[in-house]
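Engineer: Coordinates in protein-v6.cif, mmCIF, C-alpha atoms, are listed below.
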```cif
data_data
loop_
_atom_site.label_atom_id
_atom_site.label_comp_id
_atom_site.auth_asym_id
_atom_site.auth_seq_id
_atom_site.Cartn_x
_atom_site.Cartn_y
_atom_site.Cartn_z
CA MET K 125 50.48 181.85 -33.29
CA LEU K 126 52.94 180.94 -30.54
CA GLY K 127 53.08 184.57 -29.40
CA LYS K 128 49.29 184.69 -29.04
CA ARG K 129 49.27 181.40 -27.13
CA VAL K 130 51.87 182.70 -24.69
CA LEU K 131 50.09 186.04 -24.23
CA VAL K 132 46.72 184.44 -23.51
CA ALA K 133 48.36 181.97 -21.11
CA ALA K 134 50.18 184.80 -19.33
CA ILE K 135 46.87 186.60 -18.80
CA LEU K 136 44.80 183.60 -17.75
CA LEU K 137 47.38 181.80 -15.62
CA PRO K 138 47.39 184.27 -12.67
CA ILE K 139 43.58 184.37 -12.73
CA GLY K 140 43.41 180.59 -12.71
CA VAL K 141 45.95 180.18 -9.92
CA ALA K 142 44.14 182.77 -7.80
CA ALA K 143 40.80 181.00 -8.30
CA ILE K 144 42.35 177.62 -7.46
CA TRP K 145 43.92 179.06 -4.31
CA LEU K 146 40.71 180.74 -3.15
CA GLY K 147 38.54 177.76 -4.09
CA GLY K 148 34.82 177.80 -3.32
CA TRP K 149 32.60 179.87 -5.55
CA TYR K 150 35.59 181.78 -6.96
CA LEU K 151 36.83 178.61 -8.63
CA THR K 152 33.33 177.40 -9.45
CA VAL K 153 32.46 180.60 -11.33
CA LEU K 154 35.68 180.47 -13.35
CA VAL K 155 35.19 176.79 -14.17
CA ALA K 156 31.56 177.50 -15.07
CA LEU K 157 32.62 180.17 -17.55
CA PHE K 158 34.99 177.77 -19.30
CA MET K 159 32.69 174.77 -19.16
CA GLY K 160 29.65 176.75 -20.20
CA ALA K 161 31.54 178.09 -23.22
CA ALA K 162 32.87 174.60 -24.01
CA ALA K 163 29.35 173.16 -23.78
CA TRP K 164 28.07 175.83 -26.19
CA GLU K 165 30.90 174.99 -28.60
CA PHE K 166 30.16 171.26 -28.24
CA VAL K 167 26.59 171.84 -29.37
CA ASN K 168 27.71 173.95 -32.32
CA LEU K 169 30.21 171.29 -33.39
CA PHE K 170 27.48 168.68 -33.56
CA ARG K 171 25.16 171.09 -35.33
CA SER K 172 27.87 171.60 -37.93
CA GLY K 173 27.79 167.84 -38.41
CA GLY K 174 24.03 167.76 -38.96
CA LEU K 175 22.78 166.90 -35.47
CA GLN K 176 20.72 169.13 -33.18
CA PRO K 177 21.51 168.58 -29.48
CA GLY K 178 19.63 170.87 -27.13
CA LEU K 179 21.71 173.97 -26.45
CA ILE K 180 19.90 175.01 -23.26
CA LEU K 181 19.97 171.43 -21.98
CA VAL K 182 23.69 170.95 -22.59
CA VAL K 183 24.80 174.31 -21.22
CA GLY K 184 22.22 174.38 -18.42
CA GLY K 185 22.89 170.77 -17.43
CA THR K 186 26.63 171.44 -17.35
CA LEU K 187 26.19 174.44 -15.07
CA LEU K 188 23.73 172.59 -12.83
CA LEU K 189 26.18 169.72 -12.34
CA LEU K 190 28.94 172.18 -11.46
CA ALA K 191 26.72 173.99 -8.96
CA GLY K 192 25.60 170.72 -7.38
CA ARG K 193 29.18 169.52 -7.02
CA MET K 194 30.07 172.81 -5.31
CA VAL K 195 27.11 172.80 -2.91
CA ASN K 196 27.20 169.21 -1.67
CA GLY K 197 29.71 167.16 -3.64
CA PHE K 198 28.18 164.04 -5.17
CA THR K 199 25.10 164.04 -2.92
CA SER K 200 22.82 165.81 -5.40
CA ALA K 201 24.18 164.00 -8.46
CA GLY K 202 21.39 161.41 -8.52
CA TRP K 203 18.47 163.78 -8.87
CA ILE K 204 20.36 166.20 -11.12
CA ILE K 205 21.32 163.46 -13.57
CA SER K 206 17.81 162.00 -13.49
CA LEU K 207 16.29 165.41 -14.17
CA ILE K 208 18.65 166.09 -17.08
CA VAL K 209 17.95 162.70 -18.70
CA LEU K 210 14.16 163.04 -18.36
CA LEU K 211 14.10 166.65 -19.59
CA SER K 212 16.33 165.75 -22.52
CA MET K 213 14.12 162.86 -23.58
CA THR K 214 11.02 165.05 -23.27
CA PHE K 215 12.59 167.81 -25.35
CA HIS K 216 13.66 165.47 -28.14
CA LEU K 217 10.30 163.68 -28.17
CA VAL K 218 8.74 167.05 -28.93
CA THR K 219 11.30 167.81 -31.66
CA TYR K 220 10.57 164.44 -33.29
CA GLU K 221 6.85 165.09 -33.21
CA ARG K 222 7.57 168.40 -34.91
CA GLY K 223 9.37 166.69 -37.76
CA ARG K 224 12.94 166.13 -36.59
CA ASP K 225 13.63 162.56 -37.79
CA GLN K 226 17.06 162.36 -36.11
CA ALA K 227 15.72 163.28 -32.67
CA GLY K 228 16.89 160.00 -31.13
CA THR K 229 20.48 160.68 -32.16
CA ASP K 230 20.11 164.30 -31.05
CA PHE K 231 19.06 162.98 -27.63
CA ALA K 232 22.27 160.93 -27.41
CA ALA K 233 24.37 163.97 -28.41
CA THR K 234 22.66 166.11 -25.77
CA LEU K 235 23.47 163.63 -23.00
CA ALA K 236 27.02 163.20 -24.33
CA GLY K 237 27.62 166.94 -24.00
CA VAL K 238 26.20 167.18 -20.49
CA PHE K 239 28.12 164.22 -19.14
CA TYR K 240 31.39 164.68 -21.00
CA ILE K 241 31.76 168.37 -20.23
CA GLY K 242 29.52 168.89 -17.19
CA TRP K 243 30.15 165.71 -15.21
CA LEU K 244 33.86 165.49 -15.95
CA GLY K 245 34.38 169.25 -15.68
CA ALA K 246 32.90 169.20 -12.18
CA TYR K 247 35.93 167.20 -11.04
CA PHE K 248 37.75 170.54 -10.93
CA ILE K 249 35.54 171.26 -7.93
CA SER K 250 35.91 167.77 -6.45
CA LEU K 251 39.70 167.76 -6.74
CA ARG K 252 39.92 171.20 -5.12
CA SER K 253 37.61 170.03 -2.31
CA LEU K 254 40.02 167.31 -1.20
CA PRO K 255 42.26 168.07 1.81
CA ASP K 256 44.96 170.52 0.64
CA GLY K 257 43.19 170.44 -2.70
CA GLN K 258 44.75 173.65 -3.97
CA TRP K 259 48.15 171.96 -4.07
CA TRP K 260 46.82 168.83 -5.77
CA VAL K 261 45.02 170.83 -8.45
CA LEU K 262 48.21 172.74 -9.17
CA VAL K 263 50.25 169.52 -9.42
CA VAL K 264 47.71 167.85 -11.71
CA LEU K 265 47.35 170.84 -14.03
CA ALA K 266 51.11 171.42 -14.04
CA GLY K 267 51.56 167.81 -15.07
CA VAL K 268 49.22 167.98 -18.03
CA MET K 269 50.37 171.42 -19.20
CA LEU K 270 54.09 170.64 -18.94
CA ALA K 271 53.63 167.40 -20.85
CA ASP K 272 51.57 169.20 -23.48
CA SER K 273 54.23 171.89 -23.89
CA GLY K 274 57.00 169.31 -24.09
CA ALA K 275 55.09 167.35 -26.72
CA TYR K 276 54.47 170.52 -28.73
CA PHE K 277 58.09 171.70 -28.89
CA ILE K 278 59.73 168.29 -29.28
CA GLY K 279 57.14 167.23 -31.82
CA ARG K 280 57.78 170.33 -33.91
CA LYS K 281 61.52 169.76 -33.96
CA PHE K 282 61.89 166.00 -34.02
CA GLY K 283 58.46 164.65 -34.98
CA ARG K 284 58.54 162.10 -37.81
CA HIS K 285 56.11 159.30 -36.97
CA LYS K 286 52.40 160.17 -36.81
CA LEU K 287 50.67 159.33 -33.55
CA SER K 288 47.15 159.39 -34.98
CA PRO K 289 47.12 160.45 -38.64
CA ARG K 290 43.34 160.67 -39.03
CA LEU K 291 42.53 162.36 -35.73
CA SER K 292 45.47 164.73 -35.33
CA PRO K 293 47.99 164.73 -38.22
CA LYS K 294 50.41 167.06 -36.41
CA LYS K 295 50.83 164.83 -33.35
CA THR K 296 53.79 162.47 -33.42
CA TRP K 297 55.12 159.64 -31.30
CA GLU K 298 58.31 161.65 -30.80
CA GLY K 299 56.27 164.51 -29.38
CA TYR K 300 54.23 162.15 -27.22
CA PHE K 301 57.26 160.52 -25.62
CA GLY K 302 58.97 163.91 -25.43
CA GLY K 303 56.03 165.14 -23.39
CA ILE K 304 56.57 162.27 -20.96
CA LEU K 305 60.31 162.89 -20.73
CA ILE K 306 59.80 166.58 -20.01
CA GLY K 307 56.54 166.43 -18.07
CA VAL K 308 57.51 163.87 -15.46
CA PRO K 309 60.75 165.46 -14.13
CA LEU K 310 59.31 168.99 -14.23
CA THR K 311 56.15 167.92 -12.41
CA THR K 312 58.37 166.19 -9.86
CA LEU K 313 60.26 169.46 -9.43
CA PHE K 314 57.01 171.39 -8.96
CA ALA K 315 55.89 168.86 -6.36
CA TYR K 316 59.20 169.28 -4.53
CA LEU K 317 58.75 173.07 -4.47
CA PHE K 318 55.17 172.67 -3.26
CA GLN K 319 56.39 170.35 -0.51
CA LEU K 320 58.82 173.03 0.63
CA ALA K 321 56.00 175.58 0.68
CA ALA K 322 53.50 173.30 2.45
CA PRO K 323 55.20 170.31 4.12
CA ALA K 324 51.93 169.08 5.64
CA SER K 325 50.04 169.01 2.33
CA GLY K 326 50.99 165.45 1.45
CA VAL K 327 52.52 166.52 -1.86
CA THR K 328 55.89 164.82 -2.31
CA PRO K 329 58.30 164.48 -5.25
CA LEU K 330 57.47 160.78 -5.59
CA ARG K 331 53.76 161.47 -5.74
CA GLY K 332 54.46 164.32 -8.13
CA ALA K 333 56.40 161.96 -10.39
CA LEU K 334 53.51 159.49 -10.45
CA ILE K 335 50.98 162.22 -11.19
CA GLY K 336 53.28 163.66 -13.84
CA LEU K 337 53.56 160.27 -15.53
CA VAL K 338 49.82 159.68 -15.55
CA MET K 339 49.13 163.21 -16.77
CA ALA K 340 51.66 162.81 -19.58
CA VAL K 341 50.30 159.45 -20.72
CA LEU K 342 46.49 159.59 -20.52
CA PRO K 343 44.99 163.09 -21.04
CA THR K 344 46.25 163.07 -24.64
CA LEU K 345 43.19 160.90 -25.27
CA GLY K 346 41.03 163.87 -24.34
CA ASP K 347 42.79 165.96 -26.96
CA LEU K 348 42.30 163.24 -29.56
CA GLY K 349 38.67 162.82 -28.52
CA GLU K 350 37.92 166.45 -29.22
CA SER K 351 39.79 166.13 -32.52
CA MET K 352 37.48 163.26 -33.44
CA ILE K 353 34.43 165.48 -32.90
CA LYS K 354 35.98 168.34 -34.87
CA ARG K 355 36.99 166.08 -37.75
CA GLN K 356 33.48 164.71 -37.97
CA ALA K 357 32.07 168.25 -37.92
CA GLY K 358 34.65 169.39 -40.50
CA VAL K 359 36.06 172.29 -38.48
CA LYS K 360 39.58 173.17 -37.32
CA ASP K 361 38.83 174.75 -33.92
CA SER K 362 35.85 174.52 -31.59
CA GLY K 363 35.75 178.33 -31.36
CA SER K 364 37.83 181.49 -31.45
CA ILE K 365 37.44 183.13 -28.05
CA LEU K 366 41.03 182.35 -27.02
CA PRO K 367 43.50 183.69 -29.62
CA GLY K 368 46.16 181.12 -30.42
CA HIS K 369 44.26 178.41 -28.55
CA GLY K 370 40.97 178.32 -30.43
CA GLY K 371 37.88 177.83 -28.31
CA ALA K 372 37.21 176.91 -24.69
CA PHE K 373 36.71 173.25 -25.63
CA ASP K 374 40.09 173.28 -27.39
CA ARG K 375 41.70 174.52 -24.18
CA ILE K 376 40.04 172.15 -21.69
CA ASP K 377 39.91 168.95 -23.77
CA ALA K 378 42.83 167.30 -21.94
CA TRP K 379 41.97 168.97 -18.63
CA LEU K 380 38.67 167.08 -18.46
CA TRP K 381 40.61 163.83 -18.37
CA ALA K 382 43.31 165.26 -16.10
CA VAL K 383 41.06 166.43 -13.26
CA THR K 384 38.88 163.31 -13.37
CA ILE K 385 41.79 160.88 -13.30
CA GLY K 386 43.69 163.18 -10.94
CA TYR K 387 40.85 163.17 -8.41
CA TYR K 388 40.85 159.39 -8.06
CA LEU K 389 44.62 159.17 -8.21
CA VAL K 390 44.96 161.67 -5.35
CA LEU K 391 42.32 159.79 -3.35
CA PHE K 392 44.42 156.64 -3.81
CA LEU K 393 47.61 158.44 -2.77
CA GLN K 394 45.98 159.90 0.33
CA HIS K 395 44.83 156.52 1.65
#
```
Can the structure from this file be put into C-alpha cells for me?

Structural biologist:
Amino acid sequence: MLGKRVLVAAILLPIGVAAIWLGGWYLTVLVALFMGAAAWEFVNLFRSGGLQPGLILVVGGTLLLLAGRMVNGFTSAGWIISLIVLLSMTFHLVTYERGRDQAGTDFAATLAGVFYIGWLGAYFISLRSLPDGQWWVLVVLAGVMLADSGAYFIGRKFGRHKLSPRLSPKKTWEGYFGGILIGVPLTTLFAYLFQLAAPASGVTPLRGALIGLVMAVLPTLGDLGESMIKRQAGVKDSGSILPGHGGAFDRIDAWLWAVTIGYYLVLFLQH
C-alpha cells in the first residue's frame, strides 16, 4: 500500500508542480480533472447511501464554478450560483413529480456537492491568482502534505489514543500532534528555500511557519468530513482511480480546506 502511494505521488507531483508554476488554464484543467472526478465520486457516495443527487448538476456545476473563477475571479459567481440553485430545484421538482419522494433531500445533496467541491475547489485558482501565487500555493500544499505525512508515520508507530473513533478509527491524537511537530518546521524550511529562490515573493520563514501551523491544525477536518460521508454510505474509499490513495475525493479532501483557508490567510499576510 505504501509503495503504491509513493509511486502515484512520484508520478503526479511533477505534473502538479508544473501546472502550479504555469498557472492559467494549465492549472485549471488539472484542477478540473480532479474536482470533476471528486464530484462524480461524491454523487456515487450519496447514491450508495440511498439519495439521488443530480450527477450532471454536481459535476457540471463544479466545472462551471472552476471556469468562472479562472475567467474573472469572483465576478461571475453570483449568476453561476443562482443558475445552479435554480436548475437544481427545477430538476428535483421533476424527479419528485415522477415519484421520487426524497427529492427535497436529493436537492440538498446536489447543492452540497456543488458548493463543497466546486466552490471550495475553485480556491486553487484564486490562490494561484494572487501576486506570486505559485509560491503561495506550493507553501500551502507543502504544509498540508507534510503534516499529513507526519501524522501518518507517527500515528502508525506511536498512536494509542483515538482522535475520532467513529469517523476515522486509525487516526490518533499522537499522529495529529506529530503532524504539527513535523509539518510546521518542514514548511518553515520550504518557505526559507522559496525565499532564497524568489526574495521578492513575500514568502518568509515566519509566514511559512504560520501557514504550516494552520495547515497542520485545520485541514484534518476535511479528511474527517469525507470520512463522515463514506461512513454514512458504508464504503471504505470514494473510488479507486489512484492506487494506494483511493479516489480523487480521498486525495483532495484536506486540500479543499487548505486552499480555501490558505487563500484568506495569504491575503491577510500580504496586507

Engineer: Using all atoms listed in the file, what residues lie at most 8 Å away from (24.8, 169.7, -6.5) (file coordinates), given as a list in words?

Structural biologist: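 Neighbouring residues, ordered by chain and number, come to Leu188, Leu189, Leu190, Ala191, Gly192, Arg193, Met194, Val195, Asn196, Gly197, Phe198, Thr199, Ser200, Ala201 and Ile204 of chain K.
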
Engineer: Of the residues K:Trp297, K:Arg375, K:Pro289, K:Gly336, which is the one nearest to K:Gly363, using only C-alpha atoms?

Structural biologist: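 The closest residue to K:Gly363 is K:Arg375.
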
Engineer: For the contact check between stretch 167-286 of chain K and stretch 142-158 of chain K, emit one row per residue of stretch 167-286 of chain K within 9 Å, containing the shortest atom pair and the distance in Å rounded to one decimal, counting all atoms listed in the file, chain then rising number order, as a Markdown table.

Structural biologist:
```
| residue | atom | partner | partner_atom | distance |
| --- | --- | --- | --- | --- |
| K:Thr186 | CA | K:Ala156 | CA | 8.1 |
| K:Leu187 | CA | K:Ala156 | CA | 6.2 |
| K:Leu190 | CA | K:Ala156 | CA | 6.9 |
| K:Ala191 | CA | K:Thr152 | CA | 7.5 |
| K:Met194 | CA | K:Thr152 | CA | 7.0 |
| K:Gly245 | CA | K:Val155 | CA | 7.7 |
| K:Ala246 | CA | K:Val155 | CA | 8.2 |
| K:Phe248 | CA | K:Val155 | CA | 7.5 |
| K:Ile249 | CA | K:Thr152 | CA | 6.7 |
| K:Arg252 | CA | K:Gly147 | CA | 6.8 |
| K:Ser253 | CA | K:Gly147 | CA | 8.0 |
| K:Gly257 | CA | K:Ile144 | CA | 8.7 |
| K:Gln258 | CA | K:Trp145 | CA | 5.5 |
| K:Trp259 | CA | K:Trp145 | CA | 8.3 |
| K:Val261 | CA | K:Ile144 | CA | 7.4 |
| K:Leu262 | CA | K:Ile144 | CA | 7.8 |
```

Engineer: Mind giving me the axis-aligned box for stretch 268-273 of chain K with 4 Å on every side, centre plus edges in Å to one decimal, as AutoDock Vina command-line options?

Structural biologist:
```
--center_x 51.7 --center_y 169.6 --center_z -21.0 --size_x 13.0 --size_y 12.5 --size_z 13.9
```

Engineer: What's the 12 Å shell around K:Ala161, counting all atoms listed in the file, without same-chain residues fewer than 2 positions away, as a PyMOL selection string?

Structural biologist: chain K and resi 154-159+163-168+179+182-184+186-187+237+241-242+245+362-366+370-376

Engineer: Point out the residue among K:Leu181, K:Leu320, K:Ile304, K:Leu169 with the least atom-to-atom distance to K:Leu207, counting all atoms listed in the file.

Structural biologist: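 Nearest to K:Leu207: K:Leu181.
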
Engineer: Have a look at atom CA of K:Ala275 and atom CA of K:Leu244 and let me know their distance in Å, one decimal.

Structural biologist: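 The value is 23.9 Å.
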
Engineer: So that I can see what lies close to K:Ser172, please list as a ChimeraX atom specification the residues with an atom at most 9 Å from it, counting all atoms listed in the file and leaving out residues fewer than 2 positions away in the same chain.

Structural biologist: /K:167-170,174-176,356-359

Engineer: For K:Tyr387, which residue among K:Tyr276, K:Phe318, K:Tyr247, K:Phe215 is the nearest when counting only C-alpha atoms?

Structural biologist: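 Selected residue with least distance to K:Tyr387: K:Tyr247.
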
Engineer: Could you check the closest approach to K:Ile335 for each of K:Ser351, K:Pro177, K:Ile306, K:Gly386 and tell me which residue wins, using only C-alpha atoms?

Structural biologist: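 Answer, going by the shortest atom-to-atom distance: K:Gly386.
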